[in-house]
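This is structure17.pdb. It holds PDB, C-alpha atoms.
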MODEL        1
ATOM      1  CA  MET I   1      -2.345 185.254  99.864
ATOM      2  CA  ARG I   2      -4.031 183.104 102.505
ATOM      3  CA  LYS I   3      -7.411 183.949 101.038
ATOM      4  CA  CYS I   4      -6.243 182.823  97.589
ATOM      5  CA  LEU I   5      -4.909 179.556  99.005
ATOM      6  CA  LEU I   6      -8.214 178.949 100.809
ATOM      7  CA  ILE I   7     -10.218 179.520  97.631
ATOM      8  CA  PHE I   8      -7.853 177.241  95.690
ATOM      9  CA  SER I   9      -8.219 174.503  98.326
ATOM     10  CA  ILE I  10     -12.008 174.715  98.217
ATOM     11  CA  VAL I  11     -12.013 174.453  94.424
ATOM     12  CA  VAL I  12      -9.708 171.423  94.474
ATOM     13  CA  LEU I  13     -11.767 169.642  97.148
ATOM     14  CA  THR I  14     -14.961 170.389  95.259
ATOM     15  CA  LEU I  15     -13.518 168.853  92.101
ATOM     16  CA  ILE I  16     -12.260 165.766  93.921
ATOM     17  CA  PHE I  17     -15.398 165.025  95.919
ATOM     18  CA  GLY I  18     -17.658 166.131  93.092
ATOM     19  CA  THR I  19     -16.040 163.479  90.927
ATOM     20  CA  VAL I  20     -16.332 160.796  93.608
ATOM     21  CA  LEU I  21     -19.832 161.632  94.755
ATOM     22  CA  GLY I  22     -21.166 163.237  91.594
ATOM     23  CA  HIS I  23     -24.104 161.001  90.849
ATOM     24  CA  GLN I  24     -27.838 161.333  91.224
ATOM     25  CA  ASP I  25     -29.949 159.004  93.355
ATOM     26  CA  PHE I  26     -32.964 157.661  91.488
ATOM     27  CA  TRP I  27     -36.375 156.120  92.104
ATOM     28  CA  VAL I  28     -37.721 152.933  90.522
ATOM     29  CA  THR I  29     -41.398 151.960  90.822
ATOM     30  CA  ARG I  30     -43.361 148.857  89.954
ATOM     31  CA  ASP I  31     -46.962 147.758  90.537
ATOM     32  CA  TYR I  32     -48.165 144.319  91.612
ATOM     33  CA  GLY I  33     -51.952 144.411  91.630
ATOM     34  CA  ASN I  34     -52.921 146.944  94.311
ATOM     35  CA  ILE I  35     -49.326 147.065  95.633
ATOM     36  CA  LYS I  36     -47.132 149.939  94.481
ATOM     37  CA  VAL I  37     -43.418 149.485  95.222
ATOM     38  CA  ARG I  38     -40.947 152.345  95.087
ATOM     39  CA  VAL I  39     -37.206 152.023  95.662
ATOM     40  CA  LYS I  40     -34.639 154.801  95.963
ATOM     41  CA  SER I  41     -30.951 153.994  95.492
ATOM     42  CA  GLY I  42     -27.809 155.518  94.088
ATOM     43  CA  PHE I  43     -26.599 152.691  91.880
ATOM     44  CA  ASP I  44     -27.920 149.524  90.258
ATOM     45  CA  PHE I  45     -27.799 147.395  93.397
ATOM     46  CA  GLU I  46     -29.577 144.063  93.667
ATOM     47  CA  GLU I  47     -31.500 145.504  96.630
ATOM     48  CA  ILE I  48     -33.834 147.030  94.021
ATOM     49  CA  ASN I  49     -34.879 143.627  92.704
ATOM     50  CA  LYS I  50     -35.126 142.303  96.267
ATOM     51  CA  ALA I  51     -37.653 145.064  97.050
ATOM     52  CA  PHE I  52     -39.722 143.894  94.085
ATOM     53  CA  ILE I  53     -39.681 140.371  95.521
ATOM     54  CA  ILE I  54     -41.168 141.835  98.716
ATOM     55  CA  GLY I  55     -43.822 143.543  96.586
ATOM     56  CA  GLN I  56     -44.881 140.230  95.058
ATOM     57  CA  LEU I  57     -45.087 138.586  98.481
ATOM     58  CA  ALA I  58     -47.115 141.549  99.737
ATOM     59  CA  GLN I  59     -49.555 141.136  96.859
ATOM     60  CA  VAL I  60     -50.351 137.608  98.037
ATOM     61  CA  LEU I  61     -50.615 138.711 101.675
ATOM     62  CA  VAL I  62     -53.140 141.491 101.055
ATOM     63  CA  LYS I  63     -55.205 139.187  98.871
ATOM     64  CA  ASP I  64     -55.321 136.630 101.696
ATOM     65  CA  LEU I  65     -56.329 139.453 104.069
ATOM     66  CA  GLY I  66     -59.140 140.440 101.697
ATOM     67  CA  TYR I  67     -57.769 143.976 101.310
ATOM     68  CA  SER I  68     -58.302 145.450  97.848
ATOM     69  CA  SER I  69     -57.421 149.137  98.393
ATOM     70  CA  GLN I  70     -54.040 150.536  97.463
ATOM     71  CA  VAL I  71     -50.862 149.773  99.409
ATOM     72  CA  PHE I  72     -47.613 151.701  99.058
ATOM     73  CA  LEU I  73     -44.301 150.067  99.992
ATOM     74  CA  ASP I  74     -41.557 152.703 100.005
ATOM     75  CA  PHE I  75     -37.906 151.621 100.270
ATOM     76  CA  ASN I  76     -34.996 154.021 100.783
ATOM     77  CA  HIS I  77     -31.680 152.260 100.203
ATOM     78  CA  HIS I  78     -28.912 153.411 102.578
ATOM     79  CA  TYR I  79     -26.175 152.083 100.282
ATOM     80  CA  THR I  80     -23.172 153.983 101.663
ATOM     81  CA  GLY I  81     -22.766 151.740 104.712
ATOM     82  CA  ASP I  82     -24.467 149.784 107.458
ATOM     83  CA  CYS I  83     -27.222 151.447 109.466
ATOM     84  CA  GLU I  84     -29.923 150.562 111.969
ATOM     85  CA  PRO I  85     -33.086 150.102 109.851
ATOM     86  CA  ASP I  86     -35.936 152.541 110.466
ATOM     87  CA  TYR I  87     -39.592 151.803 109.705
ATOM     88  CA  PHE I  88     -42.646 154.033 109.340
ATOM     89  CA  VAL I  89     -46.348 153.251 108.980
ATOM     90  CA  SER I  90     -49.121 155.621 107.910
ATOM     91  CA  PHE I  91     -52.320 156.019 105.914
ATOM     92  CA  ASP I  92     -51.918 158.924 103.504
ATOM     93  CA  ASP I  93     -50.849 159.873  99.981
ATOM     94  CA  GLY I  94     -47.279 158.601 100.523
ATOM     95  CA  GLY I  95     -45.790 162.064 100.337
ATOM     96  CA  ILE I  96     -42.429 163.079 101.784
ATOM     97  CA  LYS I  97     -41.783 166.737 102.484
ATOM     98  CA  GLU I  98     -38.136 167.732 102.064
ATOM     99  CA  PRO I  99     -36.628 171.218 102.560
ATOM    100  CA  TRP I 100     -35.382 171.531  98.985
ATOM    101  CA  GLU I 101     -38.457 170.214  97.180
ATOM    102  CA  ASN I 102     -41.675 172.161  96.657
ATOM    103  CA  ASN I 103     -44.903 171.145  94.915
ATOM    104  CA  LYS I 104     -43.649 167.619  94.356
ATOM    105  CA  LYS I 105     -45.951 165.559  92.153
ATOM    106  CA  LYS I 106     -47.952 163.027  94.132
ATOM    107  CA  LEU I 107     -47.216 159.411  93.319
ATOM    108  CA  LEU I 108     -50.543 158.019  94.560
ATOM    109  CA  LYS I 109     -53.988 158.968  93.322
ATOM    110  CA  GLY I 110     -55.461 158.798  96.795
ATOM    111  CA  LYS I 111     -54.667 157.671 100.304
ATOM    112  CA  ALA I 112     -53.192 154.253 100.951
ATOM    113  CA  VAL I 113     -51.620 152.084 103.607
ATOM    114  CA  VAL I 114     -47.953 153.136 103.574
ATOM    115  CA  VAL I 115     -45.108 151.012 104.924
ATOM    116  CA  ARG I 116     -41.782 152.780 104.564
ATOM    117  CA  GLN I 117     -38.272 151.737 105.499
ATOM    118  CA  VAL I 118     -34.728 153.091 105.398
ATOM    119  CA  ALA I 119     -32.129 150.328 105.408
ATOM    120  CA  ARG I 120     -29.069 148.939 103.720
ATOM    121  CA  THR I 121     -30.732 145.532 103.429
ATOM    122  CA  PHE I 122     -34.518 145.488 103.140
ATOM    123  CA  ASP I 123     -36.201 143.155 105.593
ATOM    124  CA  VAL I 124     -38.817 140.873 104.047
ATOM    125  CA  VAL I 125     -40.354 139.559 107.266
ATOM    126  CA  THR I 126     -40.589 142.934 109.021
ATOM    127  CA  THR I 127     -42.222 144.522 105.973
ATOM    128  CA  LEU I 128     -44.902 141.828 105.818
ATOM    129  CA  LYS I 129     -45.484 141.957 109.580
ATOM    130  CA  LEU I 130     -46.012 145.725 109.488
ATOM    131  CA  LEU I 131     -48.234 145.472 106.433
ATOM    132  CA  GLU I 132     -50.434 142.860 108.108
ATOM    133  CA  TYR I 133     -50.641 144.972 111.282
ATOM    134  CA  SER I 134     -51.540 148.118 109.310
ATOM    135  CA  ILE I 135     -54.368 146.455 107.430
ATOM    136  CA  LYS I 136     -55.802 144.744 110.503
ATOM    137  CA  ASN I 137     -55.539 147.952 112.558
ATOM    138  CA  ILE I 138     -56.164 150.589 109.923
ATOM    139  CA  SER I 139     -58.449 152.665 112.170
ATOM    140  CA  VAL I 140     -55.698 152.816 114.817
ATOM    141  CA  VAL I 141     -53.159 153.875 112.178
ATOM    142  CA  LYS I 142     -55.436 156.671 110.948
ATOM    143  CA  SER I 143     -56.173 158.002 114.432
ATOM    144  CA  THR I 144     -52.658 157.842 115.904
ATOM    145  CA  GLN I 145     -50.387 158.871 113.036
ATOM    146  CA  ARG I 146     -48.624 162.204 113.439
ATOM    147  CA  LYS I 147     -46.216 164.315 111.431
ATOM    148  CA  ILE I 148     -42.640 163.556 112.450
ATOM    149  CA  GLU I 149     -39.228 164.907 111.507
ATOM    150  CA  TYR I 150     -36.754 162.271 110.371
ATOM    151  CA  ASN I 151     -33.217 163.578 109.972
ATOM    152  CA  GLN I 152     -31.028 160.488 109.856
ATOM    153  CA  ASN I 153     -29.291 158.344 107.256
ATOM    154  CA  TYR I 154     -29.059 161.206 104.727
ATOM    155  CA  CYS I 155     -32.799 161.872 104.980
ATOM    156  CA  ASN I 156     -34.394 165.209 105.880
ATOM    157  CA  TRP I 157     -38.042 164.271 105.903
ATOM    158  CA  THR I 158     -41.330 165.424 107.283
ATOM    159  CA  ILE I 159     -43.651 162.422 107.063
ATOM    160  CA  ASN I 160     -46.671 160.878 108.725
ATOM    161  CA  SER I 161     -46.173 157.853 110.932
ATOM    162  CA  VAL I 162     -47.589 156.088 113.925
ATOM    163  CA  ASP I 163     -45.319 155.920 116.952
ATOM    164  CA  THR I 164     -41.979 154.370 115.945
ATOM    165  CA  VAL I 165     -41.675 152.621 119.332
ATOM    166  CA  MET I 166     -44.918 150.794 118.583
ATOM    167  CA  ILE I 167     -43.608 149.913 115.097
ATOM    168  CA  LYS I 168     -40.499 148.288 116.552
ATOM    169  CA  LYS I 169     -42.669 146.417 119.026
ATOM    170  CA  GLN I 170     -44.733 145.011 116.163
ATOM    171  CA  ALA I 171     -41.573 144.111 114.254
ATOM    172  CA  TYR I 172     -40.435 141.927 117.173
ATOM    173  CA  GLN I 173     -43.765 140.132 117.444
ATOM    174  CA  GLU I 174     -43.900 136.456 116.528
ATOM    175  CA  THR I 175     -44.609 135.868 112.852
ATOM    176  CA  SER I 176     -48.293 135.165 112.277
ATOM    177  CA  PRO I 177     -49.443 131.952 110.550
ATOM    178  CA  LEU I 178     -50.590 133.988 107.534
ATOM    179  CA  VAL I 179     -47.234 135.717 107.064
ATOM    180  CA  ALA I 180     -45.444 132.399 107.652
ATOM    181  CA  LYS I 181     -47.541 130.895 104.857
ATOM    182  CA  VAL I 182     -46.610 133.700 102.455
ATOM    183  CA  LEU I 183     -42.903 133.292 103.297
ATOM    184  CA  LYS I 184     -43.051 129.762 101.872
ATOM    185  CA  LEU I 185     -43.728 131.125  98.385
ATOM    186  CA  LYS I 186     -41.007 130.884  95.766
ATOM    187  CA  ILE I 187     -40.398 134.240  94.029
ATOM    188  CA  GLU I 188     -38.037 134.505  91.075
ATOM    189  CA  ARG I 189     -35.871 137.546  90.357
ATOM    190  CA  HIS I 190     -37.757 140.023  88.158
ATOM    191  CA  ASP I 191     -36.211 139.701  84.693
ATOM    192  CA  LYS I 192     -38.717 139.591  81.867
ATOM    193  CA  ASP I 193     -36.082 138.864  79.197
ATOM    194  CA  PHE I 194     -34.441 135.969  81.045
ATOM    195  CA  ARG I 195     -34.765 132.666  79.197
ATOM    196  CA  ASN I 196     -31.431 130.914  79.556
ATOM    197  CA  GLY I 197     -28.438 131.206  81.908
ATOM    198  CA  ILE I 198     -28.022 132.054  85.602
ATOM    199  CA  SER I 199     -30.642 133.670  87.828
ATOM    200  CA  TYR I 200     -32.032 133.173  91.338
ATOM    201  CA  TYR I 201     -35.209 132.869  93.335
ATOM    202  CA  TRP I 202     -36.097 133.760  96.932
ATOM    203  CA  LEU I 203     -37.581 131.166  99.275
ATOM    204  CA  GLU I 204     -38.001 131.388 103.056
ATOM    205  CA  GLY I 205     -35.259 133.937 103.561
ATOM    206  CA  ARG I 206     -32.664 132.298 101.291
ATOM    207  CA  TYR I 207     -31.514 133.019  97.751
ATOM    208  CA  TYR I 208     -31.162 130.033  95.425
ATOM    209  CA  ILE I 209     -28.989 130.625  92.367
ATOM    210  CA  PHE I 210     -29.966 128.340  89.525
ATOM    211  CA  SER I 211     -29.031 127.498  85.974
ATOM    212  CA  ARG I 212     -31.751 127.449  83.317
ATOM    213  CA  ARG I 213     -31.359 125.759  79.971
ATOM    214  CA  VAL I 214     -34.070 125.420  77.369
ATOM    215  CA  GLY I 215     -35.705 122.005  77.522
ATOM    216  CA  GLN I 216     -34.145 121.110  80.894
ATOM    217  CA  GLU I 217     -35.199 121.471  84.499
ATOM    218  CA  ASP I 218     -33.700 124.358  86.479
ATOM    219  CA  LYS I 219     -30.675 123.303  88.527
ATOM    220  CA  VAL I 220     -29.778 125.024  91.805
ATOM    221  CA  VAL I 221     -26.007 125.586  91.917
ATOM    222  CA  LEU I 222     -25.576 127.847  94.954
ATOM    223  CA  GLU I 223     -27.539 128.888  98.048
ATOM    224  CA  LEU I 224     -26.870 132.184  99.853
ATOM    225  CA  PRO I 225     -28.370 134.071 102.815
ATOM    226  CA  THR I 226     -28.148 137.374 100.924
ATOM    227  CA  ILE I 227     -27.111 138.914  97.610
ATOM    228  CA  TYR I 228     -25.347 142.270  97.458
ATOM    229  CA  ASN I 229     -25.013 142.493  93.690
ATOM    230  CA  PHE I 230     -25.704 140.320  90.670
ATOM    231  CA  GLN I 231     -23.847 140.917  87.405
ATOM    232  CA  ARG I 232     -24.168 138.971  84.187
ATOM    233  CA  ILE I 233     -20.964 139.664  82.264
ATOM    234  CA  GLU I 234     -22.154 137.806  79.189
ATOM    235  CA  SER I 235     -24.369 134.813  78.485
ATOM    236  CA  GLY I 236     -21.972 132.310  80.019
ATOM    237  CA  THR I 237     -20.474 134.213  82.976
ATOM    238  CA  THR I 238     -22.147 135.682  86.065
ATOM    239  CA  LEU I 239     -20.625 137.301  89.150
ATOM    240  CA  ILE I 240     -22.648 137.106  92.356
ATOM    241  CA  PHE I 241     -21.520 139.286  95.262
ATOM    242  CA  ASP I 242     -22.852 138.086  98.597
ATOM    243  CA  SER I 243     -21.381 141.170 100.304
ATOM    244  CA  ASP I 244     -19.550 144.357  99.335
ATOM    245  CA  ARG I 245     -16.233 142.494  99.567
ATOM    246  CA  ALA I 246     -16.780 138.945  98.318
ATOM    247  CA  PHE I 247     -18.101 137.144  95.245
ATOM    248  CA  TYR I 248     -18.605 133.893  93.367
ATOM    249  CA  CYS I 249     -18.101 133.459  89.630
ATOM    250  CA  ILE I 250     -20.414 131.046  87.824
ATOM    251  CA  THR I 251     -19.722 129.922  84.266
ATOM    252  CA  ASN I 252     -22.506 128.219  82.386
ATOM    253  CA  GLU I 253     -21.138 127.091  79.055
ATOM    254  CA  ASN I 254     -20.493 123.384  78.379
ATOM    255  CA  GLU I 255     -20.839 122.652  82.092
ATOM    256  CA  ILE I 256     -21.762 124.678  85.175
ATOM    257  CA  VAL I 257     -18.753 125.705  87.270
ATOM    258  CA  VAL I 258     -19.020 127.614  90.565
ATOM    259  CA  SER I 259     -15.826 129.306  91.720
ATOM    260  CA  LYS I 260     -14.365 129.511  95.186
ATOM    261  CA  HIS I 261     -15.638 132.235  97.488
ATOM    262  CA  HIS I 262     -13.273 135.135  96.750
ATOM    263  CA  GLU I 263     -12.827 137.830  99.378
ATOM    264  CA  ILE I 264     -11.645 141.269  98.272
ATOM    265  CA  MET I 265      -9.176 142.779 100.710
ATOM    266  CA  ASP I 266      -8.976 146.396 101.921
ATOM    267  CA  THR I 267     -12.178 147.731 100.381
ATOM    268  CA  PHE I 268     -12.640 150.204 103.277
ATOM    269  CA  GLU I 269     -15.187 152.891 102.353
ATOM    270  CA  HIS I 270     -16.103 151.562  98.935
ATOM    271  CA  TYR I 271     -19.887 151.870  98.503
ATOM    272  CA  ARG I 272     -20.795 151.347  94.865
ATOM    273  CA  PRO I 273     -21.031 148.257  92.621
ATOM    274  CA  TYR I 274     -17.800 146.981  91.118
ATOM    275  CA  ARG I 275     -17.241 147.789  87.465
ATOM    276  CA  VAL I 276     -16.634 144.409  85.901
ATOM    277  CA  THR I 277     -15.222 144.046  82.379
ATOM    278  CA  LYS I 278     -14.231 140.985  80.393
ATOM    279  CA  THR I 279     -10.650 141.690  79.325
ATOM    280  CA  SER I 280      -9.982 138.404  77.516
ATOM    281  CA  GLU I 281     -11.595 135.039  76.920
ATOM    282  CA  LYS I 282     -10.698 133.858  80.423
ATOM    283  CA  THR I 283     -10.077 137.005  82.502
ATOM    284  CA  LEU I 284     -12.214 139.696  84.124
ATOM    285  CA  SER I 285     -11.214 143.041  85.610
ATOM    286  CA  LEU I 286     -12.978 144.382  88.706
ATOM    287  CA  TYR I 287     -12.541 148.118  89.224
ATOM    288  CA  PHE I 288     -13.487 150.172  92.279
ATOM    289  CA  SER I 289     -12.385 153.316  94.090
ATOM    290  CA  GLY I 290     -12.647 154.623  97.625
ATOM    291  CA  PHE I 291     -11.570 157.548  99.792
ATOM    292  CA  ARG I 292      -8.845 155.529 101.493
ATOM    293  CA  THR I 293      -7.941 152.999  98.798
ATOM    294  CA  GLY I 294      -7.835 155.229  95.732
ATOM    295  CA  GLU I 295      -8.521 153.478  92.428
ATOM    296  CA  ARG I 296      -7.948 149.726  92.277
ATOM    297  CA  THR I 297      -8.315 147.127  89.571
ATOM    298  CA  LEU I 298      -8.426 143.424  90.387
ATOM    299  CA  VAL I 299      -7.913 140.707  87.794
ATOM    300  CA  TYR I 300      -9.829 137.467  88.046
ATOM    301  CA  SER I 301      -8.730 134.423  86.051
ATOM    302  CA  ILE I 302     -11.750 132.293  85.211
ATOM    303  CA  SER I 303      -9.709 129.272  84.093
ATOM    304  CA  ASN I 304      -7.444 129.280  87.189
ATOM    305  CA  ASP I 305     -10.112 130.534  89.614
ATOM    306  CA  ASP I 306      -7.565 133.021  90.932
ATOM    307  CA  LEU I 307      -7.970 136.659  92.009
ATOM    308  CA  GLU I 308      -4.995 139.029  91.670
ATOM    309  CA  GLN I 309      -5.483 141.944  94.061
ATOM    310  CA  GLY I 310      -2.142 143.739  94.056
ATOM    311  CA  LEU I 311      -2.733 145.940  91.039
ATOM    312  CA  LYS I 312      -3.224 149.701  91.175
ATOM    313  CA  LYS I 313      -4.921 151.767  88.480
TER     314      LYS I 313
ENDMDL
END
For the file at hand, write its structure as structure tokens.
Amino acid sequence: MRKCLLIFSIVVLTLIFGTVLGHQDFWVTRDYGNIKVRVKSGFDFEEINKAFIIGQLAQVLVKDLGYSSQVFLDFNHHYTGDCEPDYFVSFDDGGIKEPWENNKKKLLKGKAVVVRQVARTFDVVTTLKLLEYSIKNISVVKSTQRKIEYNQNYCNWTINSVDTVMIKKQAYQETSPLVAKVLKLKIERHDKDFRNGISYYWLEGRYYIFSRRVGQEDKVVLELPTIYNFQRIESGTTLIFDSDRAFYCITNENEIVVSKHHEIMDTFEHYRPYRVTKTSEKTLSLYFSGFRTGERTLVYSISNDDLEQGLKK
């Protein structure tokens, strides 16, 4: 009897957690000249587009350094919660050996400068600092890199890297004039189909949300230190989450209106983007679920700028 109950419990738990966690992480890659950027995440977070901004900045940096060989920037998004970022530097084919993967297809044609990081929020300045160091000291990187085991933050890797203590030391170094120059560049969110509406650009560590209308100059409507998620609901409505528990709503119809800063209460262990749906002309629903909160649906009134949080599924 006990054995039957144990088997039943295992089956039930498998179904529950399989439903909650049953998704597949994915890789996205993009090339900027001799810079190849790869990002791994579990959902469509804005951190993916932020990594591509870093790739565009890196393209300018390596050009200024006179380096024309391939560079590989590899970003692993630790989206389930906060973590201490980890950085790795090497000169190789960019491969990661994992226990469950054999004969994995190589992403790079040859060896390249590799700057890799595992973080919840990718660090622009640290990435550029480490890239500059790697290029200027490429012989040191080649001669001192070693195979290391990295078993943290849901990673089980065997990779090449120079000493991680040295990497952290370089990360804390004062920003060089060349990197400081690159950080003054304005980089717009990658969105090839964007012509009209709300978007943002990165400049010197800040995110500037702007409105674009055909025949008019772009107008900055909001400035933020970070963006957690960016969701266009339709042409005239955009939700911008500056954290996993707070957002602004921007409407861009007859006039541009920026909402109050709305904080979502009791999110606890929620770790995926909110599912936002327009339920009427002036209302949105925001759905999420978590281990401790269960399923919750919030209702946001655009016309009243009011967030109702007391609703259950």
Residues within 12 Å of (-45.8, 152.3, 115.4), counting all atoms listed in the file, listed as a PyMOL selection string:
chain I and resi 86-90+115-116+129-131+133-134+137-138+140-146+160-172
9 Å contact set for Ile96 (chain I), all atoms listed in the file, chain neighbours under 2 positions out, as a CSV table (one decimal) with C-alpha atoms, in the coordinates of the input:
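New file result-v9.csv:
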chain,number,residue,atom,x,y,z
I,94,GLY,CA,-47.3,158.6,100.5
I,98,GLU,CA,-38.1,167.7,102.1
I,104,LYS,CA,-43.6,167.6,94.4
I,157,TRP,CA,-38.0,164.3,105.9
I,158,THR,CA,-41.3,165.4,107.3
I,159,ILE,CA,-43.7,162.4,107.1
I,160,ASN,CA,-46.7,160.9,108.7
Exercise. When distances are computed from only C-alpha atoms, which of I:Lys109, I:Lys97, I:Lys40, I:Leu185 shows the smallest separation from Glu149 (chain I)?
Worked result: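 Ranked by minimum distance to Glu149 (chain I), first place goes to I:Lys97.
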Result set, the PyMOL selection byres ((chain I and resi 29) around 9) on current file, as a PyMOL selection string: chain I and resi 27-28+30-31+36-40+52
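Residues surrounding Phe288 (chain I) within 7 Å are Tyr274, Arg275, Glu295, Arg296 and Thr297 of chain I [only C-alpha atoms; sequence separation below 6 positions excluded].
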Create the file for the chosen residues now, containing C-alpha atoms and written as an mmCIF file, in the frame of the given file.
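Output saved as out03.cif:
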data_model
loop_
_atom_site.group_PDB
_atom_site.id
_atom_site.type_symbol
_atom_site.label_atom_id
_atom_site.label_comp_id
_atom_site.auth_asym_id
_atom_site.auth_seq_id
_atom_site.Cartn_x
_atom_site.Cartn_y
_atom_site.Cartn_z
ATOM 1 C CA TYR I 274 -17.800 146.981 91.118
ATOM 2 C CA ARG I 275 -17.241 147.789 87.465
ATOM 3 C CA GLU I 295 -8.521 153.478 92.428
ATOM 4 C CA ARG I 296 -7.948 149.726 92.277
ATOM 5 C CA THR I 297 -8.315 147.127 89.571
#
All residues 10 Å or closer to region 46-51 of chain I, all atoms listed in the file, same chain fewer than 4 positions away omitted, as a VMD selection string = chain I and resid 27 to 30 37 to 41 55 to 57 73 to 77 79 120 to 124 187 to 191 201 to 202 226 to 231 240 to 241 273
Applied to the shown file, which residues does the PyMOL selection byres ((chain I and resi 279) around 12) return, written as a CSV table (one decimal) with C-alpha atoms, in the frame of the given file?
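Output (expr-v6.csv):
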chain,number,residue,atom,x,y,z
I,233,ILE,CA,-21.0,139.7,82.3
I,276,VAL,CA,-16.6,144.4,85.9
I,277,THR,CA,-15.2,144.0,82.4
I,278,LYS,CA,-14.2,141.0,80.4
I,280,SER,CA,-10.0,138.4,77.5
I,281,GLU,CA,-11.6,135.0,76.9
I,282,LYS,CA,-10.7,133.9,80.4
I,283,THR,CA,-10.1,137.0,82.5
I,284,LEU,CA,-12.2,139.7,84.1
I,285,SER,CA,-11.2,143.0,85.6
I,286,LEU,CA,-13.0,144.4,88.7
I,287,TYR,CA,-12.5,148.1,89.2
I,297,THR,CA,-8.3,147.1,89.6
I,298,LEU,CA,-8.4,143.4,90.4
I,299,VAL,CA,-7.9,140.7,87.8
I,300,TYR,CA,-9.8,137.5,88.0
I,301,SER,CA,-8.7,134.4,86.1
I,302,ILE,CA,-11.8,132.3,85.2
Discussion item. Could you list, as a list in words, every residue within 10 Å of region 81-84 of chain I, counting only C-alpha atoms and ignoring same-chain residues fewer than 6 positions away?
Written reply: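 Those residues are Val118, Ala119, Arg120, Thr121, Gln152, Asn153, Asp244, Glu269, His270 and Tyr271 of chain I.
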Report as a PyMOL selection string the full result of the PyMOL selection byres ((chain I and resi 195) around 9) when it is applied to this structure. chain I and resi 192-194+196-197+212-214
For a test of reading the model, state the distance in Å between CA of Val62 (chain I) and CA of Glu132 (chain I), rounded to one decimal.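 For CA of Val62 (chain I) relative to CA of Glu132 (chain I), the distance reads 7.7 Å.
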Would you compute, for all listed atoms of region 242-251 of chain I, the axis-aligned bounding box grown by 3 Å on each side, and then report its centre and edge lengths in Å rounded to one decimal, as AutoDock Vina command-line options?
--center_x -19.5 --center_y 137.1 --center_z 92.3 --size_x 12.6 --size_y 20.4 --size_z 22.0
Please list as an MDAnalysis selection string every residue within 10 Å of Val220 (chain I), counting all atoms listed in the file and excluding residues in the same chain fewer than 4 positions away.
chainID I and resid 198:201 208:212
Can those selected residues be exported to a file as a PDB file, keeping the file's coordinate frame so that it contains C-alpha atoms?
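Written out: out-v6.pdb:
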ATOM      1  CA  ILE I 198     -28.022 132.054  85.602  1.00  0.00           C
ATOM      2  CA  SER I 199     -30.642 133.670  87.828  1.00  0.00           C
ATOM      3  CA  TYR I 200     -32.032 133.173  91.338  1.00  0.00           C
ATOM      4  CA  TYR I 201     -35.209 132.869  93.335  1.00  0.00           C
ATOM      5  CA  TYR I 208     -31.162 130.033  95.425  1.00  0.00           C
ATOM      6  CA  ILE I 209     -28.989 130.625  92.367  1.00  0.00           C
ATOM      7  CA  PHE I 210     -29.966 128.340  89.525  1.00  0.00           C
ATOM      8  CA  SER I 211     -29.031 127.498  85.974  1.00  0.00           C
ATOM      9  CA  ARG I 212     -31.751 127.449  83.317  1.00  0.00           C
TER      10      ARG I 212
END
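Between CA of Phe43 (chain I) and CA of Asp25 (chain I) the separation is 7.3 Å.
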- Task: For CA of Gln59 (chain I) and CA of His78 (chain I), determine how far apart the two atoms are, in Å to one decimal place.
- Result: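 We find that CA of Gln59 (chain I) and CA of His78 (chain I) lie 24.7 Å from each other.
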_Tell me which residues come within 12 Å of (-58.1, 147.6, 101.4), as a list in words, counting only C-alpha atoms in the file's coordinates._
Gly33, Asn34, Ile35, Gln59, Leu61, Val62, Lys63, Asp64, Leu65, Gly66, Tyr67, Ser68, Ser69, Gln70, Val71, Phe72, Phe91, Lys111, Ala112, Val113, Val114, Leu131, Glu132, Ser134, Ile135, Lys136, Asn137, Ile138 and Ser139 of chain I
